[in-house]
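What follows is my_file-v6.txt (compact mmCIF, C-alpha atoms).
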# COMPACT_ATOMS: atom_id res chain seq x y z
CA MET A 1 0.00 0.00 0.00
CA THR A 2 1.18 3.56 -0.66
CA LYS A 3 1.33 6.18 2.11
CA ASP A 4 -1.61 7.96 0.49
CA GLY A 5 -3.56 4.71 0.47
CA LEU A 6 -2.76 4.15 4.13
CA GLU A 7 -4.00 7.64 4.99
CA ARG A 8 -7.19 6.96 3.07
CA VAL A 9 -7.85 3.75 4.99
CA LYS A 10 -7.26 5.56 8.30
CA GLU A 11 -9.58 8.37 7.27
CA GLU A 12 -12.30 5.95 6.17
CA LEU A 13 -11.97 4.06 9.44
CA GLU A 14 -12.47 7.28 11.39
CA ASN A 15 -15.52 8.12 9.26
CA LEU A 16 -17.04 4.71 9.93
CA LYS A 17 -16.47 4.96 13.68
CA LYS A 18 -17.99 8.43 13.68
CA ARG A 19 -21.00 7.19 11.72
CA ARG A 20 -21.45 4.32 14.14
CA ILE A 21 -21.54 6.67 17.13
CA GLU A 22 -23.92 9.06 15.35
CA GLU A 23 -26.31 6.27 14.49
CA ILE A 24 -26.27 4.85 18.00
CA ASN A 25 -26.86 8.30 19.48
CA GLY A 26 -29.48 9.20 16.89
CA GLU A 27 -33.14 8.36 16.94
CA GLY A 28 -32.45 4.66 17.12
CA PRO A 29 -35.56 2.49 16.97
CA ARG A 30 -36.93 0.91 20.13
CA SER A 31 -36.34 -2.79 20.22
CA PHE A 32 -39.75 -3.84 21.49
CA SER A 33 -43.22 -2.60 21.13
CA PHE A 34 -46.06 -4.47 22.80
CA GLY A 35 -43.88 -7.52 23.11
CA ASN A 36 -42.97 -7.74 19.41
CA VAL A 37 -39.59 -7.06 17.86
CA GLU A 38 -39.95 -3.99 15.66
CA PRO A 39 -38.74 -4.57 12.07
CA GLU A 40 -36.93 -1.20 12.28
CA PHE A 41 -34.90 -2.57 15.15
CA LEU A 42 -33.87 -5.59 13.11
CA THR A 43 -32.76 -3.34 10.25
CA PHE A 44 -30.86 -1.15 12.70
CA ARG A 45 -29.15 -4.15 14.27
CA GLU A 46 -28.24 -5.53 10.84
CA GLU A 47 -26.80 -2.19 9.81
CA MET A 48 -24.73 -1.98 12.98
CA ALA A 49 -23.39 -5.46 12.28
CA GLN A 50 -22.41 -4.40 8.75
CA LEU A 51 -20.69 -1.28 10.07
CA ASP A 52 -18.81 -3.34 12.65
CA LYS A 53 -17.72 -5.74 9.91
CA GLN A 54 -16.43 -2.86 7.78
CA ILE A 55 -14.59 -1.39 10.77
CA ALA A 56 -13.05 -4.78 11.58
CA GLU A 57 -11.98 -5.22 7.94
CA LEU A 58 -10.17 -1.87 7.89
CA GLU A 59 -8.61 -2.45 11.30
CA GLU A 60 -7.25 -5.71 9.96
CA VAL A 61 -5.81 -3.85 6.97
CA LEU A 62 -4.05 -1.50 9.39
CA VAL A 63 -2.52 -4.46 11.20
CA LYS A 64 -1.43 -6.38 8.12
CA TYR A 65 -0.46 -3.64 5.64
CA GLU A 66 2.96 -3.32 4.09
CA LEU A 67 4.09 -0.05 2.57
CA ILE A 68 5.18 -0.31 -1.03
CA LYS A 69 8.93 0.25 -1.22
CA PRO A 70 10.44 1.53 -4.45
CA PRO A 71 12.75 -1.03 -6.09
CA LEU A 72 16.54 -0.72 -6.02
CA LYS A 73 17.89 2.16 -8.11
CA SER A 74 19.23 -0.27 -10.68
CA GLU A 75 15.70 -1.67 -11.14
CA ARG A 76 13.81 1.59 -11.35
CA ASN A 77 13.82 1.50 -15.13
CA LYS A 78 11.24 -1.29 -14.89
CA ILE A 79 7.61 -1.30 -13.83
CA TYR A 80 6.91 -2.73 -10.41
CA LEU A 81 4.22 -2.18 -7.82
CA GLY A 82 4.21 1.52 -6.90
CA ALA A 83 5.41 2.76 -10.31
CA LEU A 84 3.83 5.85 -11.80
CA VAL A 85 3.81 5.07 -15.49
CA THR A 86 3.19 7.52 -18.30
CA VAL A 87 1.76 5.66 -21.26
CA GLN A 88 0.45 6.46 -24.68
CA VAL A 89 -2.78 4.66 -25.56
CA ASP A 90 -4.78 5.30 -28.71
CA GLY A 91 -2.79 8.48 -29.31
CA GLN A 92 -3.53 9.85 -25.85
CA LYS A 93 -1.23 10.21 -22.87
CA ASP A 94 -2.19 8.90 -19.46
CA GLU A 95 -0.56 8.43 -16.07
CA LEU A 96 -1.22 5.14 -14.33
CA LEU A 97 -0.13 4.35 -10.79
CA ILE A 98 0.33 0.60 -10.37
CA THR A 99 -1.05 -0.23 -6.99
CA SER A 100 -2.61 -2.98 -4.91
CA SER A 101 -6.17 -4.15 -5.41
CA LEU A 102 -7.33 -2.43 -2.21
CA GLU A 103 -6.06 0.96 -3.34
CA ALA A 104 -7.01 0.71 -7.00
CA ASN A 105 -9.27 3.47 -8.27
CA PRO A 106 -9.12 3.66 -12.07
CA ALA A 107 -11.16 6.89 -12.10
CA LEU A 108 -8.15 8.47 -10.35
CA GLY A 109 -5.59 6.68 -12.50
CA LYS A 110 -4.71 4.05 -9.87
CA ILE A 111 -4.86 0.61 -11.42
CA SER A 112 -4.42 -2.72 -9.71
CA ASN A 113 -1.33 -4.82 -10.38
CA GLU A 114 -3.76 -7.73 -10.79
CA CYS A 115 -5.98 -6.29 -13.52
CA VAL A 116 -5.19 -7.32 -17.09
CA VAL A 117 -3.48 -4.04 -17.99
CA GLY A 118 -1.59 -3.72 -14.67
CA ARG A 119 -0.36 -7.31 -14.90
CA SER A 120 0.73 -6.85 -18.52
CA LEU A 121 2.74 -3.71 -17.76
CA LEU A 122 4.76 -5.25 -14.89
CA GLY A 123 8.44 -5.75 -15.66
CA HIS A 124 8.44 -3.57 -18.78
CA LYS A 125 10.71 -0.59 -19.52
CA VAL A 126 10.46 2.80 -21.20
CA GLU A 127 9.98 2.50 -24.98
CA ASP A 128 8.40 -0.95 -24.64
CA VAL A 129 5.06 -1.34 -26.35
CA VAL A 130 2.82 -3.64 -24.37
CA GLU A 131 -0.01 -5.26 -26.27
CA VAL A 132 -3.11 -6.17 -24.30
CA ASN A 133 -5.06 -8.60 -26.39
CA SER A 134 -8.57 -9.90 -26.55
CA SER A 135 -10.98 -9.52 -29.39
CA VAL A 136 -9.66 -5.97 -29.41
CA ARG A 137 -5.96 -5.21 -29.33
CA THR A 138 -4.71 -2.24 -27.37
CA SER A 139 -1.14 -1.02 -27.26
CA TYR A 140 0.36 0.78 -24.27
CA LYS A 141 3.59 2.55 -25.18
CA ILE A 142 5.61 3.23 -22.06
CA LEU A 143 6.92 6.80 -22.06
CA LYS A 144 8.10 7.29 -18.49
CA ILE A 145 8.47 5.32 -15.26
CA GLU A 146 8.77 7.11 -11.93
CA TYR A 147 8.91 6.05 -8.33
CA LYS A 148 7.85 8.62 -5.81
CA ASN A 149 7.97 8.48 -2.06
CA ASN A 150 4.48 7.06 -1.94
CA MET B 1 -62.48 -2.57 6.93
CA LYS B 2 -59.38 -2.11 9.02
CA VAL B 3 -58.73 1.53 9.77
CA ILE B 4 -55.16 2.58 9.21
CA PRO B 5 -54.09 5.13 11.77
CA SER B 6 -53.05 8.36 10.07
CA ARG B 7 -49.39 8.03 11.12
CA ARG B 8 -49.19 4.59 9.56
CA LYS B 9 -50.91 5.90 6.43
CA HIS B 10 -48.37 8.70 6.20
CA PHE B 11 -45.56 6.17 6.60
CA MET B 12 -46.97 4.01 3.80
CA ARG B 13 -47.37 7.08 1.59
CA LYS B 14 -43.65 7.80 2.00
CA LEU B 15 -42.74 4.25 1.04
CA ILE B 16 -44.99 4.43 -2.01
CA ASP B 17 -43.33 7.71 -3.02
CA PHE B 18 -39.92 6.06 -2.79
CA PHE B 19 -40.99 3.10 -4.92
CA VAL B 20 -42.55 5.46 -7.47
CA LYS B 21 -39.27 7.38 -7.64
CA THR B 22 -37.19 4.22 -8.06
CA GLY B 23 -39.67 3.06 -10.73
CA LYS B 24 -38.78 6.12 -12.78
CA LEU B 25 -35.32 4.64 -13.30
CA LYS B 26 -37.06 2.21 -15.69
CA ASP B 27 -37.64 5.11 -18.05
CA ILE B 28 -34.12 6.55 -18.04
CA PRO B 29 -31.97 5.09 -20.81
CA ARG B 30 -28.29 4.66 -20.02
CA ARG B 31 -26.29 7.48 -21.48
CA GLY B 32 -23.55 5.30 -22.98
CA TRP B 33 -26.09 3.55 -25.23
CA VAL B 34 -27.80 6.79 -26.19
CA LEU B 35 -24.48 8.31 -27.30
CA ARG B 36 -23.85 5.26 -29.48
CA GLY B 37 -27.26 5.49 -31.08
CA ILE B 38 -28.53 2.13 -29.77
CA LYS B 39 -32.20 1.54 -30.62
CA ASN B 40 -34.31 0.90 -27.49
CA PRO B 41 -31.37 1.41 -25.13
CA GLY B 42 -31.40 -0.34 -21.76
CA SER B 43 -32.47 1.69 -18.77
CA ILE B 44 -30.76 2.31 -15.44
CA SER B 45 -33.18 -0.18 -13.88
CA ASP B 46 -32.26 -2.80 -16.46
CA HIS B 47 -28.63 -2.30 -15.51
CA LEU B 48 -29.27 -2.42 -11.75
CA PHE B 49 -31.27 -5.62 -12.10
CA ARG B 50 -28.59 -7.50 -14.00
CA VAL B 51 -25.73 -6.15 -11.89
CA ALA B 52 -27.59 -7.53 -8.84
CA MET B 53 -28.18 -10.87 -10.57
CA MET B 54 -24.56 -11.17 -11.74
CA ALA B 55 -23.21 -10.07 -8.35
CA TRP B 56 -25.33 -12.71 -6.64
CA ILE B 57 -24.50 -15.63 -8.93
CA LEU B 58 -20.86 -14.79 -9.59
CA GLY B 59 -20.44 -13.92 -5.90
CA ARG B 60 -21.68 -17.40 -4.95
CA GLU B 61 -19.37 -19.03 -7.47
CA LYS B 62 -16.43 -17.11 -6.07
CA LYS B 63 -16.82 -18.95 -2.73
CA ASP B 64 -14.76 -16.30 -1.02
CA ASN B 65 -16.65 -15.40 2.11
CA LEU B 66 -18.40 -12.47 0.47
CA SER B 67 -21.64 -11.39 2.10
CA ILE B 68 -24.01 -12.15 -0.77
CA ALA B 69 -26.87 -10.21 0.81
CA LYS B 70 -24.66 -7.16 1.01
CA VAL B 71 -23.35 -7.62 -2.52
CA ILE B 72 -26.93 -7.73 -3.86
CA LYS B 73 -27.98 -4.68 -1.84
CA ILE B 74 -24.96 -2.65 -2.98
CA ALA B 75 -25.69 -3.67 -6.57
CA LEU B 76 -29.30 -2.50 -6.24
CA VAL B 77 -28.47 0.89 -4.77
CA HIS B 78 -25.23 1.81 -6.55
CA ASP B 79 -26.90 3.89 -9.29
CA LEU B 80 -30.12 4.98 -7.53
CA CYS B 81 -28.67 8.48 -7.34
CA GLU B 82 -28.86 8.78 -11.13
CA LEU B 83 -32.56 9.61 -11.00
CA TYR B 84 -31.55 13.11 -9.92
CA ALA B 85 -27.81 13.20 -10.64
CA GLY B 86 -28.22 11.90 -14.20
CA ASP B 87 -26.14 9.20 -15.86
CA THR B 88 -23.00 10.88 -17.09
CA THR B 89 -20.15 9.34 -19.04
CA PRO B 90 -16.53 10.45 -19.33
CA TYR B 91 -17.42 11.70 -22.82
CA ASP B 92 -19.71 14.32 -21.30
CA LYS B 93 -16.73 16.07 -19.72
CA LYS B 94 -14.69 18.86 -21.20
CA ASN B 95 -16.73 18.98 -24.43
CA ILE B 96 -15.06 15.88 -25.80
CA LEU B 97 -17.87 15.26 -28.27
CA PRO B 98 -18.06 17.77 -31.13
CA GLU B 99 -21.34 19.01 -32.56
CA ASP B 100 -20.79 16.96 -35.69
CA LYS B 101 -22.20 13.57 -34.67
CA ARG B 102 -20.50 11.82 -37.58
CA LYS B 103 -17.25 12.13 -35.64
CA TRP B 104 -18.66 10.50 -32.52
CA PRO B 105 -18.07 6.79 -33.28
CA GLU B 106 -14.33 7.33 -33.66
CA ILE B 107 -14.16 9.28 -30.40
CA LEU B 108 -16.40 6.83 -28.54
CA ASP B 109 -14.15 3.98 -29.65
CA LYS B 110 -11.34 5.35 -27.46
CA TRP B 111 -11.42 5.49 -23.71
CA PRO B 112 -10.95 9.19 -22.87
CA ARG B 113 -7.84 10.09 -20.88
CA PHE B 114 -7.49 12.98 -18.44
CA SER B 115 -4.69 14.59 -16.47
CA LYS B 116 -4.26 13.69 -12.81
CA GLU B 117 -5.84 16.98 -11.72
CA GLU B 118 -8.77 16.56 -14.10
CA LYS B 119 -9.39 13.02 -12.84
CA LYS B 120 -9.45 14.24 -9.26
CA GLN B 121 -11.76 17.11 -10.09
CA LEU B 122 -14.14 15.02 -12.19
CA ALA B 123 -14.34 12.26 -9.59
CA GLY B 124 -14.95 14.78 -6.81
CA GLU B 125 -17.71 16.57 -8.74
CA LYS B 126 -19.36 13.28 -9.68
CA HIS B 127 -19.32 12.07 -6.09
CA GLN B 128 -20.83 15.29 -4.76
CA LYS B 129 -23.55 15.41 -7.40
CA GLU B 130 -24.44 11.76 -6.89
CA GLU B 131 -24.50 12.04 -3.11
CA LYS B 132 -26.99 14.90 -3.41
CA GLY B 133 -29.06 12.84 -5.85
CA LEU B 134 -29.08 9.87 -3.50
CA ASP B 135 -30.02 12.01 -0.49
CA LYS B 136 -32.96 13.33 -2.46
CA ILE B 137 -34.29 9.96 -3.54
CA ILE B 138 -34.10 8.49 -0.01
CA GLU B 139 -35.04 11.63 1.93
CA ASP B 140 -38.49 10.45 3.01
CA LEU B 141 -37.62 6.88 3.84
CA PRO B 142 -37.65 5.75 7.48
CA LEU B 143 -34.38 6.60 9.19
CA GLU B 144 -33.11 3.02 9.32
CA SER B 145 -33.67 2.32 5.63
CA ARG B 146 -32.21 5.71 4.74
CA ASN B 147 -29.10 5.03 6.81
CA GLU B 148 -28.74 1.57 5.36
CA ILE B 149 -28.96 2.71 1.72
CA LYS B 150 -26.66 5.66 2.32
CA GLY B 151 -24.18 3.45 4.18
CA LEU B 152 -24.12 0.90 1.35
CA TRP B 153 -23.64 3.62 -1.25
CA LEU B 154 -20.81 5.24 0.71
CA GLU B 155 -19.20 1.84 1.07
CA TYR B 156 -19.49 1.31 -2.68
CA GLU B 157 -17.96 4.70 -3.35
CA ALA B 158 -15.05 4.15 -0.95
CA GLY B 159 -14.35 0.74 -2.50
CA LEU B 160 -12.43 -0.47 0.53
CA THR B 161 -14.41 -3.62 1.31
CA ALA B 162 -14.37 -6.89 -0.60
CA GLU B 163 -18.09 -6.55 -1.41
CA SER B 164 -17.87 -3.01 -2.77
CA ARG B 165 -14.86 -3.81 -4.93
CA PHE B 166 -16.63 -6.89 -6.27
CA VAL B 167 -19.75 -4.93 -7.25
CA LYS B 168 -17.69 -2.15 -8.86
CA GLN B 169 -16.15 -4.75 -11.13
CA ILE B 170 -19.48 -6.46 -11.84
CA ASN B 171 -20.78 -3.02 -12.76
CA ARG B 172 -18.20 -2.89 -15.58
CA LEU B 173 -18.80 -6.49 -16.59
CA GLU B 174 -22.54 -5.98 -16.94
CA THR B 175 -21.92 -2.99 -19.18
CA LEU B 176 -19.42 -4.97 -21.22
CA LEU B 177 -21.90 -7.84 -21.60
CA GLN B 178 -24.59 -5.42 -22.73
CA ALA B 179 -22.20 -3.84 -25.24
CA LEU B 180 -21.40 -7.29 -26.64
CA GLU B 181 -25.10 -8.11 -26.90
CA TYR B 182 -25.81 -4.88 -28.77
CA GLY B 183 -22.79 -5.57 -30.98
CA LYS B 184 -24.16 -9.00 -31.83
CA GLU B 185 -27.62 -7.60 -32.61
CA ASP B 186 -26.14 -5.04 -35.00
CA ASN B 187 -23.49 -7.42 -36.29
CA GLN B 188 -20.85 -4.87 -35.36
CA GLN B 189 -17.90 -5.06 -33.05
CA PRO B 190 -18.75 -2.96 -29.97
CA SER B 191 -16.62 0.04 -29.09
CA ARG B 192 -13.11 -0.87 -28.01
CA SER B 193 -13.49 1.50 -25.09
CA TRP B 194 -15.68 -1.02 -23.22
CA TRP B 195 -12.87 -3.55 -23.31
CA ILE B 196 -10.13 -1.09 -22.42
CA GLU B 197 -12.07 0.20 -19.43
CA ALA B 198 -12.85 -3.32 -18.22
CA LYS B 199 -9.23 -4.40 -18.50
CA GLU B 200 -8.06 -1.49 -16.39
CA ILE B 201 -10.71 -2.09 -13.72
CA ILE B 202 -11.38 -5.80 -13.30
CA ASP B 203 -8.78 -7.53 -11.14
CA ASP B 204 -10.73 -10.18 -9.27
CA PRO B 205 -9.35 -13.48 -10.66
CA SER B 206 -12.79 -15.06 -10.98
CA LEU B 207 -14.10 -12.01 -12.85
CA VAL B 208 -11.04 -11.82 -15.10
CA SER B 209 -11.79 -15.45 -16.07
CA PHE B 210 -15.40 -14.53 -16.66
CA MET B 211 -14.35 -11.60 -18.85
CA GLU B 212 -12.16 -13.91 -20.91
CA ALA B 213 -15.05 -16.35 -21.22
CA LEU B 214 -17.27 -13.50 -22.44
CA ASP B 215 -14.70 -12.67 -25.08
CA LYS B 216 -14.80 -16.25 -26.34
CA SER B 217 -18.56 -16.53 -26.18
CA PHE B 218 -19.23 -13.53 -28.36
CA HIS B 219 -18.37 -14.21 -31.97
CA PHE B 220 -14.79 -13.02 -31.93
CA PHE B 221 -13.23 -16.43 -31.45
CA GLU B 222 -13.55 -19.77 -33.24
CA GLU B 223 -16.74 -21.68 -32.47
CA ASP B 224 -14.87 -24.51 -30.74
CA ASP B 225 -13.35 -22.07 -28.29
CA ALA B 226 -16.74 -20.58 -27.60
CA ARG B 227 -17.99 -23.98 -26.40
CA GLU B 228 -15.38 -24.17 -23.68
CA PRO B 229 -16.96 -24.07 -20.25
CA VAL B 230 -16.75 -20.88 -18.24
CA VAL B 231 -14.16 -21.40 -15.53
CA ILE B 232 -14.60 -19.49 -12.32
CA ASN B 233 -11.61 -19.59 -9.96

Could I get this file's structure written as structure tokens?
Amino acid sequence: MTKDGLERVKEELENLKKRRIEEINGEGPRSFSFGNVEPEFLTFREEMAQLDKQIAELEEVLVKYELIKPPLKSERNKIYLGALVTVQVDGQKDELLITSSLEANPALGKISNECVVGRSLLGHKVEDVVEVNSSVRTSYKILKIEYKNN
Amino acid sequence: MKVIPSRRKHFMRKLIDFFVKTGKLKDIPRRGWVLRGIKNPGSISDHLFRVAMMAWILGREKKDNLSIAKVIKIALVHDLCELYAGDTTPYDKKNILPEDKRKWPEILDKWPRFSKEEKKQLAGEKHQKEEKGLDKIIEDLPLESRNEIKGLWLEYEAGLTAESRFVKQINRLETLLQALEYGKEDNQQPSRSWWIEAKEIIDDPSLVSFMEALDKSFHFFEEDDAREPVVIN
């Protein structure tokens, strides 16, 4: 995970904990009414369980994470996890950060090292043209590879 | 006749209003199909239904401790906001599409690329607009349902849980499948952009296998290959 990704997980965890407290302190439904369990209470309880599961998942991430380390200087001409790659696709330039599945967000240019394109780019160098094939063929020409202090 | 107390009647009225609003999604064609001139384009509801179905069945096949109930719920709510926020595509940004519609197919064939700053701005604007849209559609629901839908949508947007990431990828796969179906109907290869987008998004091994199986099943490969069974990891 990158440092930015780690910050995002921490932030999301805080948001979830805050939401949990707000919902508990809000107009929570009463559990019983005339001896029957109110359906609203069941929904509320289910939602709390889901929130707790999400919180537990992120807490586990914070225990198990490993920060992505840039490769040795001699290897920085190749694409590894954590590389910011400038590519040319269909005549357009794009910047793709190769990241873990958890942090991937293609709308922000962060692609997973396990998606077809991410996997295909790994190990390649500047000037390489990587073909990603299926019924359509797409070429990614690698223009630049950078490693930042993620 | 049983008399419904006025509070209960009011409550039911609010639920009916919500279902009427969600029903309107049946009449909103998906923008991507409209731009490509598809006849009788599928609606947002059509998309939500099949995303939910695919998420359920492919989620079960994945056998990976996903909460299937949650996956289905996320699938059902992920685009509810579009009733008010509208269904926008990356081609709607920055005046990518010229007035001359004859030039559109060539542009729509490529997945549009943006700078890092533009991506951040576009994603932020989309999120804000969609959150407002969602708040509006659920505003009169009982608090618990409102919180649940909003929570599921926020989870989908954050994409930090296994279920939300799975549905995000199914979302792309459903669109790809629909594009392939339209392509088959018109006997035309669908836009390359659907494939490019899917290959930059889908990373779940079982869904990558499914995507490859889709490729084989839709007319682009030899018939013998197309008969190979779909393998889900």

Counting only C-alpha atoms, which residues of chain B sit at most 8 Å from some atom of chain A, and what is each one's closest atom pair with its distance in Å to one decimal, listed by chain and rising residue number, as a Markdown table?
| residue | atom | partner | partner_atom | distance |
| --- | --- | --- | --- | --- |
| B:Lys110 | CA | A:Asp90 | CA | 6.7 |
| B:Arg113 | CA | A:Asp94 | CA | 5.9 |
| B:Phe114 | CA | A:Asp94 | CA | 6.8 |
| B:Ser115 | CA | A:Asp94 | CA | 6.9 |
| B:Lys116 | CA | A:Leu108 | CA | 7.0 |
| B:Lys119 | CA | A:Leu108 | CA | 5.3 |
| B:Lys120 | CA | A:Leu108 | CA | 6.0 |
| B:Ala123 | CA | A:Ala107 | CA | 6.7 |
| B:Glu144 | CA | A:Phe44 | CA | 5.8 |
| B:Ser145 | CA | A:Thr43 | CA | 7.4 |
| B:Glu148 | CA | A:Glu47 | CA | 6.1 |
| B:Ala158 | CA | A:Glu12 | CA | 7.8 |
| B:Gly159 | CA | A:Leu102 | CA | 7.7 |
| B:Leu160 | CA | A:Leu102 | CA | 6.1 |
| B:Thr161 | CA | A:Gln54 | CA | 6.8 |
| B:Arg192 | CA | A:Val136 | CA | 6.3 |
| B:Trp195 | CA | A:Val136 | CA | 7.3 |
| B:Ile196 | CA | A:Thr138 | CA | 7.4 |
| B:Lys199 | CA | A:Val116 | CA | 5.2 |
| B:Glu200 | CA | A:Val117 | CA | 5.5 |
| B:Ile201 | CA | A:Pro106 | CA | 6.2 |
| B:Ile202 | CA | A:Cys115 | CA | 5.4 |
| B:Asp203 | CA | A:Cys115 | CA | 3.9 |
| B:Asp204 | CA | A:Cys115 | CA | 7.5 |
| B:Val208 | CA | A:Val116 | CA | 7.6 |
| B:Glu212 | CA | A:Ser134 | CA | 7.8 |
| B:Asp215 | CA | A:Ser135 | CA | 6.5 |
| B:Phe220 | CA | A:Ser135 | CA | 5.8 |
| B:Phe221 | CA | A:Ser135 | CA | 7.6 |

At what distance in Å, to one decimal, does atom CA of Glu197 of chain B lie from atom CA of Leu143 of chain A?
-> 20.3 Å

Work out how far apart atom CA of Ala56 of chain A and atom CA of Ala52 of chain B are and give it in Å to one decimal.
-> 25.2 Å

For Phe19 of chain B, the closest of B:Glu125, B:Glu181, B:Glu157, B:Asp140 counting only C-alpha atoms is B:Asp140

Distance query 12 Å from (-29.3, 17.0, -16.7) using all atoms listed in the file, result as a PDB file with C-alpha atoms, in the frame of the given file:
ATOM      1  CA  ILE B  28     -34.120   6.550 -18.040  1.00  0.00           C
ATOM      2  CA  ARG B  31     -26.290   7.480 -21.480  1.00  0.00           C
ATOM      3  CA  GLU B  82     -28.860   8.780 -11.130  1.00  0.00           C
ATOM      4  CA  LEU B  83     -32.560   9.610 -11.000  1.00  0.00           C
ATOM      5  CA  TYR B  84     -31.550  13.110  -9.920  1.00  0.00           C
ATOM      6  CA  ALA B  85     -27.810  13.200 -10.640  1.00  0.00           C
ATOM      7  CA  GLY B  86     -28.220  11.900 -14.200  1.00  0.00           C
ATOM      8  CA  ASP B  87     -26.140   9.200 -15.860  1.00  0.00           C
ATOM      9  CA  THR B  88     -23.000  10.880 -17.090  1.00  0.00           C
ATOM     10  CA  ASP B  92     -19.710  14.320 -21.300  1.00  0.00           C
ATOM     11  CA  LYS B 129     -23.550  15.410  -7.400  1.00  0.00           C
ATOM     12  CA  GLY B 133     -29.060  12.840  -5.850  1.00  0.00           C
TER      13      GLY B 133
END

At what distance in Å, to one decimal, does atom CA of Ala83 of chain A lie from atom CA of Tyr147 of chain A?
-> 5.2 Å

Find the residues near Lys144 of chain A: any atom within 6 Å, counting all atoms listed in the file, skip ones fewer than 6 places away on the same chain, and give them as a short mmCIF file (atom, residue, chain, number, x, y, z; two decimals) with C-alpha atoms, in the coordinates of the input.
data_model
loop_
_atom_site.label_atom_id
_atom_site.label_comp_id
_atom_site.auth_asym_id
_atom_site.auth_seq_id
_atom_site.Cartn_x
_atom_site.Cartn_y
_atom_site.Cartn_z
CA VAL A 85 3.81 5.07 -15.49
CA THR A 86 3.19 7.52 -18.30
CA VAL A 126 10.46 2.80 -21.20
#

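Of the residues under consideration (B:Cys81, B:Ala162, B:Arg8, B:Gly32), B:Gly32 shows the shortest atom-to-atom contact distance to Asp109 of chain B when counting only C-alpha atoms.
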